[in-house]
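A.B. asks: Next comes query_19.cif, mmCIF, C-alpha atoms:
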```
data_work
loop_
_atom_site.group_PDB
_atom_site.id
_atom_site.type_symbol
_atom_site.label_atom_id
_atom_site.label_comp_id
_atom_site.auth_asym_id
_atom_site.auth_seq_id
_atom_site.Cartn_x
_atom_site.Cartn_y
_atom_site.Cartn_z
ATOM 1 C CA MET X 219 8.979 16.054 73.937
ATOM 2 C CA ARG X 220 11.782 16.305 71.330
ATOM 3 C CA GLY X 221 13.693 19.149 72.912
ATOM 4 C CA LEU X 222 16.059 21.750 71.539
ATOM 5 C CA ALA X 223 19.304 19.778 71.766
ATOM 6 C CA VAL X 224 20.863 16.648 73.260
ATOM 7 C CA VAL X 225 23.706 16.391 75.745
ATOM 8 C CA GLY X 226 26.278 14.264 73.921
ATOM 9 C CA ILE X 227 29.207 14.371 76.360
ATOM 10 C CA VAL X 228 29.384 14.789 80.130
ATOM 11 C CA ASP X 229 32.904 14.304 81.491
ATOM 12 C CA GLY X 230 32.862 15.119 85.192
ATOM 13 C CA PRO X 231 30.069 16.503 87.397
ATOM 14 C CA ALA X 232 27.639 18.915 85.718
ATOM 15 C CA ALA X 233 24.216 20.329 86.519
ATOM 16 C CA LEU X 234 21.015 21.230 84.729
ATOM 17 C CA ILE X 235 18.746 23.937 86.132
ATOM 18 C CA ARG X 236 15.229 23.676 84.759
ATOM 19 C CA HIS X 237 12.609 26.021 86.202
ATOM 20 C CA ALA X 238 13.459 26.054 89.948
ATOM 21 C CA THR X 239 14.901 22.527 90.160
ATOM 22 C CA ARG X 240 18.522 21.413 89.983
ATOM 23 C CA TYR X 241 19.300 18.125 88.209
ATOM 24 C CA THR X 242 22.377 16.004 87.706
ATOM 25 C CA LEU X 243 23.214 16.317 84.008
ATOM 26 C CA LEU X 244 23.703 13.048 82.132
ATOM 27 C CA GLU X 245 24.624 12.122 78.582
ATOM 28 C CA GLY X 246 21.497 11.715 76.502
ATOM 29 C CA VAL X 247 19.398 14.354 78.275
ATOM 30 C CA ARG X 248 17.235 16.418 75.914
ATOM 31 C CA LEU X 249 17.439 20.139 76.563
ATOM 32 C CA LEU X 250 14.630 22.691 76.421
ATOM 33 C CA PRO X 251 14.477 26.488 75.953
ATOM 34 C CA ASP X 252 15.570 28.366 79.102
ATOM 35 C CA ASP X 253 17.486 25.354 80.466
ATOM 36 C CA ILE X 254 20.688 26.355 82.268
ATOM 37 C CA ILE X 255 23.778 24.156 82.063
ATOM 38 C CA ASP X 256 26.622 24.441 84.581
ATOM 39 C CA ALA X 257 29.958 22.722 83.880
ATOM 40 C CA PRO X 258 32.256 23.304 86.897
ATOM 41 C CA LYS X 259 36.050 23.485 86.680
ATOM 42 C CA GLY X 260 37.446 20.169 85.534
ATOM 43 C CA SER X 261 34.260 19.130 83.725
ATOM 44 C CA VAL X 262 33.419 19.127 80.014
ATOM 45 C CA VAL X 263 29.902 19.137 78.546
ATOM 46 C CA GLN X 264 29.016 18.997 74.846
ATOM 47 C CA ILE X 265 25.596 20.120 73.620
ATOM 48 C CA GLU X 266 24.570 18.807 70.180
ATOM 49 C CA PHE X 267 21.870 20.442 68.056
ATOM 50 C CA ALA X 268 19.648 18.960 65.351
ATOM 51 C CA ASP X 269 21.571 20.677 62.519
ATOM 52 C CA GLY X 270 24.825 19.010 63.593
ATOM 53 C CA SER X 271 26.236 21.994 65.470
ATOM 54 C CA GLN X 272 28.146 21.233 68.647
ATOM 55 C CA LEU X 273 28.812 23.552 71.580
ATOM 56 C CA ALA X 274 31.259 22.231 74.169
ATOM 57 C CA MET X 275 31.778 24.022 77.481
ATOM 58 C CA ALA X 276 34.300 23.810 80.326
ATOM 59 C CA GLU X 277 35.995 25.714 83.162
ATOM 60 C CA SER X 278 32.925 27.015 85.013
ATOM 61 C CA GLY X 279 30.990 27.169 81.758
ATOM 62 C CA ARG X 280 27.481 28.569 82.219
ATOM 63 C CA VAL X 281 24.948 28.528 79.377
ATOM 64 C CA MET X 282 21.230 29.246 79.009
ATOM 65 C CA LEU X 283 19.648 27.494 76.037
ATOM 66 C CA GLN X 284 17.471 29.606 73.721
ATOM 67 C CA PRO X 285 16.575 32.228 76.358
ATOM 68 C CA GLN X 286 13.056 33.526 75.881
ATOM 69 C CA TRP X 287 13.870 36.893 77.489
ATOM 70 C CA LEU X 288 16.434 37.606 74.744
ATOM 71 C CA GLN X 289 14.092 37.179 71.787
ATOM 72 C CA ARG X 290 13.870 40.323 69.691
ATOM 73 C CA ARG X 291 11.030 41.541 67.531
ATOM 74 C CA GLY X 292 11.683 40.876 63.874
ATOM 75 C CA ALA X 293 14.595 38.511 64.535
ATOM 76 C CA PRO X 294 14.605 35.534 62.109
ATOM 77 C CA ALA X 295 15.230 33.118 64.994
ATOM 78 C CA PRO X 296 15.958 33.326 68.724
ATOM 79 C CA ALA X 297 19.543 33.110 69.915
ATOM 80 C CA ARG X 298 20.531 29.463 70.224
ATOM 81 C CA ALA X 299 22.312 30.001 73.528
ATOM 82 C CA TYR X 300 23.392 32.721 75.956
ATOM 83 C CA LEU X 301 26.936 32.253 77.266
ATOM 84 C CA LEU X 302 27.521 33.794 80.668
ATOM 85 C CA HIS X 303 30.979 32.510 81.525
ATOM 86 C CA GLY X 304 33.551 29.842 80.721
ATOM 87 C CA TRP X 305 35.472 28.226 77.874
ATOM 88 C CA PHE X 306 33.673 27.016 74.769
ATOM 89 C CA LYS X 307 34.327 25.168 71.527
ATOM 90 C CA LEU X 308 31.848 25.643 68.687
ATOM 91 C CA ASN X 309 31.674 23.393 65.636
ATOM 92 C CA GLN X 310 29.171 24.147 62.888
ATOM 93 C CA PRO X 311 28.604 22.175 59.669
ATOM 94 C CA VAL X 312 28.380 23.812 56.256
ATOM 95 C CA ASN X 313 25.499 26.292 55.989
ATOM 96 C CA ALA X 314 24.417 25.879 59.627
ATOM 97 C CA SER X 315 23.376 29.270 60.912
ATOM 98 C CA SER X 316 22.600 30.176 64.486
ATOM 99 C CA GLU X 317 23.328 33.019 66.858
ATOM 100 C CA LEU X 318 25.151 32.810 70.165
ATOM 101 C CA ALA X 319 24.886 35.713 72.600
ATOM 102 C CA SER X 320 26.796 36.889 75.659
ATOM 103 C CA PRO X 321 26.557 39.886 77.999
ATOM 104 C CA GLY X 322 28.328 42.068 75.443
ATOM 105 C CA TRP X 323 28.229 40.579 71.936
ATOM 106 C CA THR X 324 26.620 38.148 69.506
ATOM 107 C CA LEU X 325 28.335 35.588 67.286
ATOM 108 C CA VAL X 326 26.963 34.297 63.976
ATOM 109 C CA PRO X 327 28.505 32.320 61.096
ATOM 110 C CA ASP X 328 29.314 34.374 58.011
ATOM 111 C CA HIS X 329 28.630 32.563 54.751
ATOM 112 C CA GLY X 330 29.923 35.343 52.521
ATOM 113 C CA ASP X 331 28.342 36.398 49.243
ATOM 114 C CA GLY X 332 27.623 32.875 48.034
ATOM 115 C CA LYS X 333 30.303 33.029 45.325
ATOM 116 C CA SER X 334 32.797 30.965 47.318
ATOM 117 C CA PRO X 335 31.951 27.493 48.651
ATOM 118 C CA ALA X 336 30.829 27.471 52.271
ATOM 119 C CA THR X 337 33.014 25.687 54.785
ATOM 120 C CA PRO X 338 32.415 24.229 58.262
ATOM 121 C CA GLY X 339 33.200 26.527 61.155
ATOM 122 C CA SER X 340 35.232 25.845 64.290
ATOM 123 C CA MET X 341 36.127 28.269 67.057
ATOM 124 C CA VAL X 342 37.546 28.081 70.591
ATOM 125 C CA PHE X 343 36.786 31.020 72.869
ATOM 126 C CA SER X 344 36.499 32.132 76.470
ATOM 127 C CA VAL X 345 33.850 34.415 77.932
ATOM 128 C CA ALA X 346 33.936 36.389 81.171
ATOM 129 C CA ASP X 347 30.647 37.731 82.480
ATOM 130 C CA ALA X 348 30.273 41.435 83.156
ATOM 131 C CA SER X 349 29.272 40.830 86.776
ATOM 132 C CA SER X 350 32.694 39.458 87.747
ATOM 133 C CA GLU X 351 34.986 41.395 85.417
ATOM 134 C CA GLY X 352 33.211 44.756 85.254
ATOM 135 C CA VAL X 353 33.030 44.633 81.446
ATOM 136 C CA PRO X 354 32.225 41.823 78.982
ATOM 137 C CA VAL X 355 35.373 39.992 77.898
ATOM 138 C CA LEU X 356 35.923 37.732 74.890
ATOM 139 C CA ASN X 357 39.037 35.877 73.724
ATOM 140 C CA ALA X 358 38.568 33.816 70.562
ATOM 141 C CA PHE X 359 40.629 31.749 68.126
ATOM 142 C CA LEU X 360 39.016 30.843 64.815
ATOM 143 C CA GLU X 361 40.164 27.447 63.570
ATOM 144 C CA ALA X 362 37.992 27.237 60.448
ATOM 145 C CA GLY X 363 35.177 29.031 58.622
ATOM 146 C CA SER X 364 34.136 32.660 59.086
ATOM 147 C CA PHE X 365 32.220 34.251 61.945
ATOM 148 C CA ARG X 366 30.970 37.737 62.629
ATOM 149 C CA ILE X 367 31.060 39.227 66.130
ATOM 150 C CA THR X 368 28.757 42.179 66.851
ATOM 151 C CA GLU X 369 28.460 44.286 69.988
ATOM 152 C CA ARG X 370 25.032 44.253 71.586
ATOM 153 C CA GLY X 371 25.438 47.769 72.968
ATOM 154 C CA GLU X 372 26.903 51.024 71.779
ATOM 155 C CA PRO X 373 28.894 51.785 69.711
ATOM 156 C CA HIS X 374 27.661 48.542 68.085
ATOM 157 C CA ARG X 375 30.919 47.629 66.404
ATOM 158 C CA ASN X 376 31.305 44.390 64.453
ATOM 159 C CA TRP X 377 34.224 42.300 63.237
ATOM 160 C CA LEU X 378 34.634 39.512 60.688
ATOM 161 C CA LEU X 379 36.939 36.689 61.776
ATOM 162 C CA ARG X 380 38.628 34.331 59.329
ATOM 163 C CA PRO X 381 40.689 31.157 59.847
ATOM 164 C CA ASP X 382 43.682 31.540 62.220
ATOM 165 C CA ASP X 383 42.448 34.902 63.541
ATOM 166 C CA TYR X 384 42.847 35.519 67.258
ATOM 167 C CA PHE X 385 40.486 38.161 68.622
ATOM 168 C CA ALA X 386 40.349 39.770 72.070
ATOM 169 C CA LEU X 387 37.672 42.223 73.173
ATOM 170 C CA ARG X 388 37.277 43.930 76.523
ATOM 171 C CA GLY X 389 34.368 46.329 76.815
ATOM 172 C CA THR X 390 34.777 49.512 74.817
ATOM 173 C CA GLU X 391 38.564 49.166 74.520
ATOM 174 C CA ARG X 392 40.122 48.810 71.106
ATOM 175 C CA PRO X 393 39.990 45.097 70.188
ATOM 176 C CA LEU X 394 43.072 43.041 69.477
ATOM 177 C CA LEU X 395 43.196 41.086 66.211
ATOM 178 C CA LEU X 396 46.204 38.840 65.480
ATOM 179 C CA ARG X 397 47.012 36.181 62.915
ATOM 180 C CA LYS X 398 47.863 33.634 65.605
ATOM 181 C CA PRO X 399 46.556 32.981 69.113
ATOM 182 C CA ALA X 400 48.211 34.627 72.097
ATOM 183 C CA GLN X 401 50.474 32.326 74.100
ATOM 184 C CA GLU X 402 48.483 32.894 77.276
ATOM 185 C CA PHE X 403 45.312 31.858 75.466
ATOM 186 C CA LEU X 404 46.910 28.573 74.367
ATOM 187 C CA MET X 405 48.202 27.874 77.866
ATOM 188 C CA LEU X 406 44.751 28.375 79.416
ATOM 189 C CA MET X 407 42.777 26.493 76.749
ATOM 190 C CA PRO X 408 41.202 23.299 78.162
ATOM 191 C CA ALA X 409 43.110 20.272 76.861
ATOM 192 C CA PRO X 410 39.981 18.552 75.390
ATOM 193 C CA PHE X 411 39.437 21.582 73.125
ATOM 194 C CA ARG X 412 42.721 21.034 71.275
ATOM 195 C CA ASP X 413 41.109 18.282 69.207
ATOM 196 C CA ALA X 414 37.653 17.684 67.746
ATOM 197 C CA LEU X 415 35.223 16.143 70.221
ATOM 198 C CA PRO X 416 33.182 13.166 68.972
ATOM 199 C CA SER X 417 29.454 13.396 68.341
ATOM 200 C CA ARG X 418 27.343 11.093 70.522
ATOM 201 C CA ALA X 419 23.847 12.481 70.006
ATOM 202 C CA GLY X 420 22.926 9.708 67.568
ATOM 203 C CA ARG X 421 23.048 6.998 70.202
ATOM 204 C CA TYR X 422 20.344 8.791 72.205
ATOM 205 C CA ALA X 423 18.032 9.719 69.311
ATOM 206 C CA GLU X 424 15.478 7.047 70.151
ATOM 207 C CA HIS X 425 16.251 6.602 73.830
ATOM 208 C CA PRO X 426 16.761 9.923 75.627
ATOM 209 C CA VAL X 427 17.949 9.849 79.229
ATOM 210 C CA PRO X 428 16.030 11.733 81.940
ATOM 211 C CA PRO X 429 18.049 14.039 84.214
ATOM 212 C CA LEU X 430 18.287 13.112 87.893
ATOM 213 C CA PRO X 431 16.493 15.638 90.158
ATOM 214 C CA GLN X 432 18.512 16.859 93.152
ATOM 215 C CA GLY X 433 16.002 19.281 94.641
ATOM 216 C CA ASP X 434 15.230 22.979 94.581
ATOM 217 C CA VAL X 435 17.927 25.346 93.357
ATOM 218 C CA SER X 436 20.054 27.005 96.017
ATOM 219 C CA TYR X 437 21.153 30.621 95.983
ATOM 220 C CA ALA X 438 24.690 29.505 95.068
ATOM 221 C CA ASP X 439 23.309 27.631 92.049
ATOM 222 C CA VAL X 440 21.767 30.751 90.534
ATOM 223 C CA ALA X 441 23.761 33.660 92.002
ATOM 224 C CA PRO X 442 25.872 34.271 88.851
ATOM 225 C CA TRP X 443 22.660 34.638 86.851
ATOM 226 C CA LEU X 444 20.918 36.856 89.423
ATOM 227 C CA ARG X 445 23.834 39.282 89.051
ATOM 228 C CA GLY X 446 23.661 39.247 85.256
ATOM 229 C CA GLU X 447 22.582 41.937 82.816
ATOM 230 C CA ALA X 448 19.526 44.073 83.482
ATOM 231 C CA GLY X 449 17.422 42.714 80.607
ATOM 232 C CA MET X 450 17.570 39.199 81.998
ATOM 233 C CA ARG X 451 16.721 39.927 85.641
ATOM 234 C CA PRO X 452 12.916 40.360 85.490
ATOM 235 C CA ALA X 453 12.534 36.942 83.861
ATOM 236 C CA LEU X 454 14.732 35.316 86.485
ATOM 237 C CA LEU X 455 12.814 36.985 89.299
ATOM 238 C CA GLU X 456 9.598 35.405 88.065
ATOM 239 C CA ARG X 457 11.313 32.091 87.491
ATOM 240 C CA TRP X 458 12.727 31.776 91.011
ATOM 241 C CA ARG X 459 10.292 33.890 93.028
ATOM 242 C CA SER X 460 8.944 30.738 94.720
ATOM 243 C CA ARG X 461 12.329 30.181 96.366
ATOM 244 C CA VAL X 462 11.809 33.269 98.554
ATOM 245 C CA SER X 463 9.811 31.064 100.933
ATOM 246 C CA ASP X 464 12.962 29.040 101.693
ATOM 247 C CA PRO X 465 14.695 30.646 104.717
ATOM 248 C CA THR X 466 18.237 29.934 103.504
ATOM 249 C CA PHE X 467 17.581 31.205 99.981
ATOM 250 C CA ARG X 468 15.805 34.252 101.396
ATOM 251 C CA ALA X 469 18.655 35.090 103.776
ATOM 252 C CA ALA X 470 21.184 34.900 100.940
ATOM 253 C CA LEU X 471 19.039 37.204 98.808
ATOM 254 C CA GLN X 472 18.851 39.727 101.611
ATOM 255 C CA SER X 473 22.589 39.583 102.309
ATOM 256 C CA ASN X 474 23.390 40.264 98.650
ATOM 257 C CA LEU X 475 20.468 42.544 97.813
ATOM 258 C CA ALA X 476 22.734 45.329 96.546
ATOM 259 C CA GLN X 477 23.778 43.034 93.678
ATOM 260 C CA HIS X 478 20.189 42.329 92.580
ATOM 261 C CA SER X 479 18.023 45.066 94.060
ATOM 262 C CA GLU X 480 14.961 44.099 91.980
ATOM 263 C CA TRP X 481 14.361 41.330 94.551
ATOM 264 C CA GLU X 482 13.635 43.870 97.307
ATOM 265 C CA LYS X 483 9.904 43.943 96.604
ATOM 266 C CA ALA X 484 9.708 40.140 96.457
ATOM 267 C CA LEU X 485 11.386 39.962 99.857
ATOM 268 C CA ALA X 486 9.139 42.570 101.499
ATOM 269 C CA PRO X 487 6.209 40.951 103.293
ATOM 270 C CA GLU X 488 2.768 42.211 102.421
ATOM 271 C CA ARG X 489 1.534 44.639 105.045
ATOM 272 C CA PRO X 490 -1.627 43.179 106.549
ATOM 273 C CA ALA X 491 -4.735 45.278 106.249
ATOM 274 C CA PRO X 492 -6.112 46.483 109.626
ATOM 275 C CA ARG X 493 -9.391 45.165 110.926
ATOM 276 C CA GLY X 494 -12.328 46.805 109.270
ATOM 277 C CA GLY X 495 -10.610 46.853 105.886
ATOM 278 C CA HIS X 496 -9.391 50.484 106.121
ATOM 279 C CA PRO X 497 -5.722 51.309 105.569
ATOM 280 C CA ALA X 498 -3.738 52.242 108.640
ATOM 281 C CA THR X 499 -3.025 55.928 109.140
ATOM 282 C CA SER X 500 -0.387 57.677 111.160
ATOM 283 C CA ARG X 501 -0.911 60.652 113.401
#
```
Would you mind writing the structure in this file as structure tokens?
C.D. replies:
Amino acid sequence: MRGLAVVGIVDGPAALIRHATRYTLLEGVRLLPDDIIDAPKGSVVQIEFADGSQLAMAESGRVMLQPQWLQRRGAPAPARAYLLHGWFKLNQPVNASSELASPGWTLVPDHGDGKSPATPGSMVFSVADASSEGVPVLNAFLEAGSFRITERGEPHRNWLLRPDDYFALRGTERPLLLRKPAQEFLMLMPAPFRDALPSRAGRYAEHPVPPLPQGDVSYADVAPWLRGEAGMRPALLERWRSRVSDPTFRAALQSNLAQHSEWEKALAPERPAPRGGHPATSR
């Protein structure tokens, strides 16, 4: 199984959620579509793709690789990753082209009209998920190349970012575009993102490393995703429905049902049919 990408760097504890199992994430693990990566505060993870693109994540970074639920009819390729929350650094080689998505926007490289030579792209940005902030939030600083940001919802605005642009977007508010990054952004940026991170995928090309299983996912492991956007929730319900049989997971679902009400039916026990096979009636 070749996989979608390879984990090149793991600095600090990090987790992989695959199906309904939680794993310890290790360098050299091959990633698959729908895998979820969790890089807690203080940890850095770098995902490396076959075309040479690198996506590093930190500060409670949460990513779903190539989510099947997000595929759109007629799209040339599925989104490479869905970014729920955290800090990220994206490096893309010349002519690499892939889409990243978040709760509120998509990000793709812009290669222009072909008249000017293409250049590698590099961007540092932070994402806040709509469930915690109320609206999707993006703060981005473009170090090199050109990228286009497009809203996924109405009014479907889009912006072209060029080197040294700093861009801030919060929901439907008017975006902020500056020719240098905001001081607060620089202060909060994870220190490892100030320089280029090395590529390590090559050392695992022939000898991938298996992740270490920890057991079934807990409610805390998946809660940020359960509270995510509406289009994602049906797929997650099917993915983790089996966990309803666990009393602790079930109790947490019930306590927080208002935040993911689609689980109500999964939690409701089937009403047993009365003897004789006829439905019960009330008088």
A.B. asks: Quick check on the file I pasted: which residues fall under the PyMOL selection byres ((chain X and resi 369) around 10)? Write them as JSON, numbers by chain.
C.D. replies: {"X": [319, 320, 321, 322, 323, 324, 325, 367, 368, 370, 371, 372, 373, 374, 375, 376, 377, 387, 389, 390]}
A.B. asks: Report as a ChimeraX atom specification all protein, DNA and RNA residues lying within 10 Å of X:Leu360, evaluated on only C-alpha atoms, omitting residues in the same chain fewer than 6 positions from it.
C.D. replies: /X:307-308,339-343,379-385,397-399
A.B. asks: Check the smallest atom-to-atom distance from each of X:Ala276, X:Leu222, X:Leu243, X:Leu288 to X:Met450 using all atoms listed in the file, then report the winner.
C.D. replies: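 Using all atoms listed in the file, the shortest distance to X:Met450 belongs to X:Leu288.
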A.B. asks: Around the point (17.5, 34.3, 78.5) in the file's coordinates, collect all residues with an atom within 8 Å, using all atoms listed in the file, and return them as a compact mmCIF listing (two decimals) with C-alpha atoms, in the coordinates of the input.
C.D. replies:
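Writing the result to out_20.txt gives the following:
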```txt
# COMPACT_ATOMS: atom_id res chain seq x y z
CA ASP X 252 15.57 28.37 79.10
CA MET X 282 21.23 29.25 79.01
CA LEU X 283 19.65 27.49 76.04
CA GLN X 284 17.47 29.61 73.72
CA PRO X 285 16.58 32.23 76.36
CA GLN X 286 13.06 33.53 75.88
CA TRP X 287 13.87 36.89 77.49
CA LEU X 288 16.43 37.61 74.74
CA TYR X 300 23.39 32.72 75.96
CA MET X 450 17.57 39.20 82.00
CA ALA X 453 12.53 36.94 83.86
```
A.B. asks: Can you measure atom CA of X:Ala438 to atom CA of X:Ile235 for me? One decimal in Å is fine.
C.D. replies: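 Separation between atom CA of X:Ala438 and atom CA of X:Ile235: 12.1 Å.
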A.B. asks: Measure the distance from atom CA of X:Phe467 to atom CA of X:His237 in Å and round it to one decimal.
C.D. replies: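 We find that atom CA of X:Phe467 and atom CA of X:His237 lie 15.5 Å from each other.
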A.B. asks: Which one is closest to X:Phe365: X:Leu318, X:Ala484, X:Val228, X:Ala400? Count all atoms listed in the file.
C.D. replies: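 Result for the nearest residue to X:Phe365: X:Leu318.
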A.B. asks: Which is closer to X:Ser316 than all the others in X:Ala414, X:Ala362, X:Leu302, X:Ala295, using all atoms listed in the file?
C.D. replies: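 Looking only at the distances to X:Ser316, the closest residue turns out to be X:Ala295.
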A.B. asks: Here is a test: counting all atoms listed in the file, which residue of X:Pro327, X:Gln401, X:Ala358, X:Pro426 is nearest to X:Gly221?
C.D. replies: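 So, comparing all the options, the nearest one is X:Pro426.
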A.B. asks: Would you work out the distance separating atom CA of X:Ala441 from atom CA of X:Asn474, expressed in Å to one decimal?
C.D. replies: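 Atom-to-atom, atom CA of X:Ala441 and atom CA of X:Asn474 are spaced 9.4 Å apart.
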A.B. asks: On this structure, the PyMOL selection byres ((chain X and resi 310) around 9) would catch which residues? List them as a PyMOL selection string, sorted by chain and number.
C.D. replies: chain X and resi 269-273+308-309+311-315+327+338-340+363
A.B. asks: Starting from the shown file, work through the PyMOL selection byres ((chain X and resi 277) around 6) and note down what comes out as number ranges by chain.
C.D. replies: X: 258-259, 276, 278-279, 304-305
A.B. asks: So that I have them on file, write out the residues from the current selection with C-alpha atoms, as a PDB file, keeping the file's coordinate frame.
C.D. replies:
```
ATOM      1  CA  PRO X 258      32.256  23.304  86.897  1.00  0.00           C
ATOM      2  CA  LYS X 259      36.050  23.485  86.680  1.00  0.00           C
ATOM      3  CA  ALA X 276      34.300  23.810  80.326  1.00  0.00           C
ATOM      4  CA  SER X 278      32.925  27.015  85.013  1.00  0.00           C
ATOM      5  CA  GLY X 279      30.990  27.169  81.758  1.00  0.00           C
ATOM      6  CA  GLY X 304      33.551  29.842  80.721  1.00  0.00           C
ATOM      7  CA  TRP X 305      35.472  28.226  77.874  1.00  0.00           C
TER       8      TRP X 305
END
```
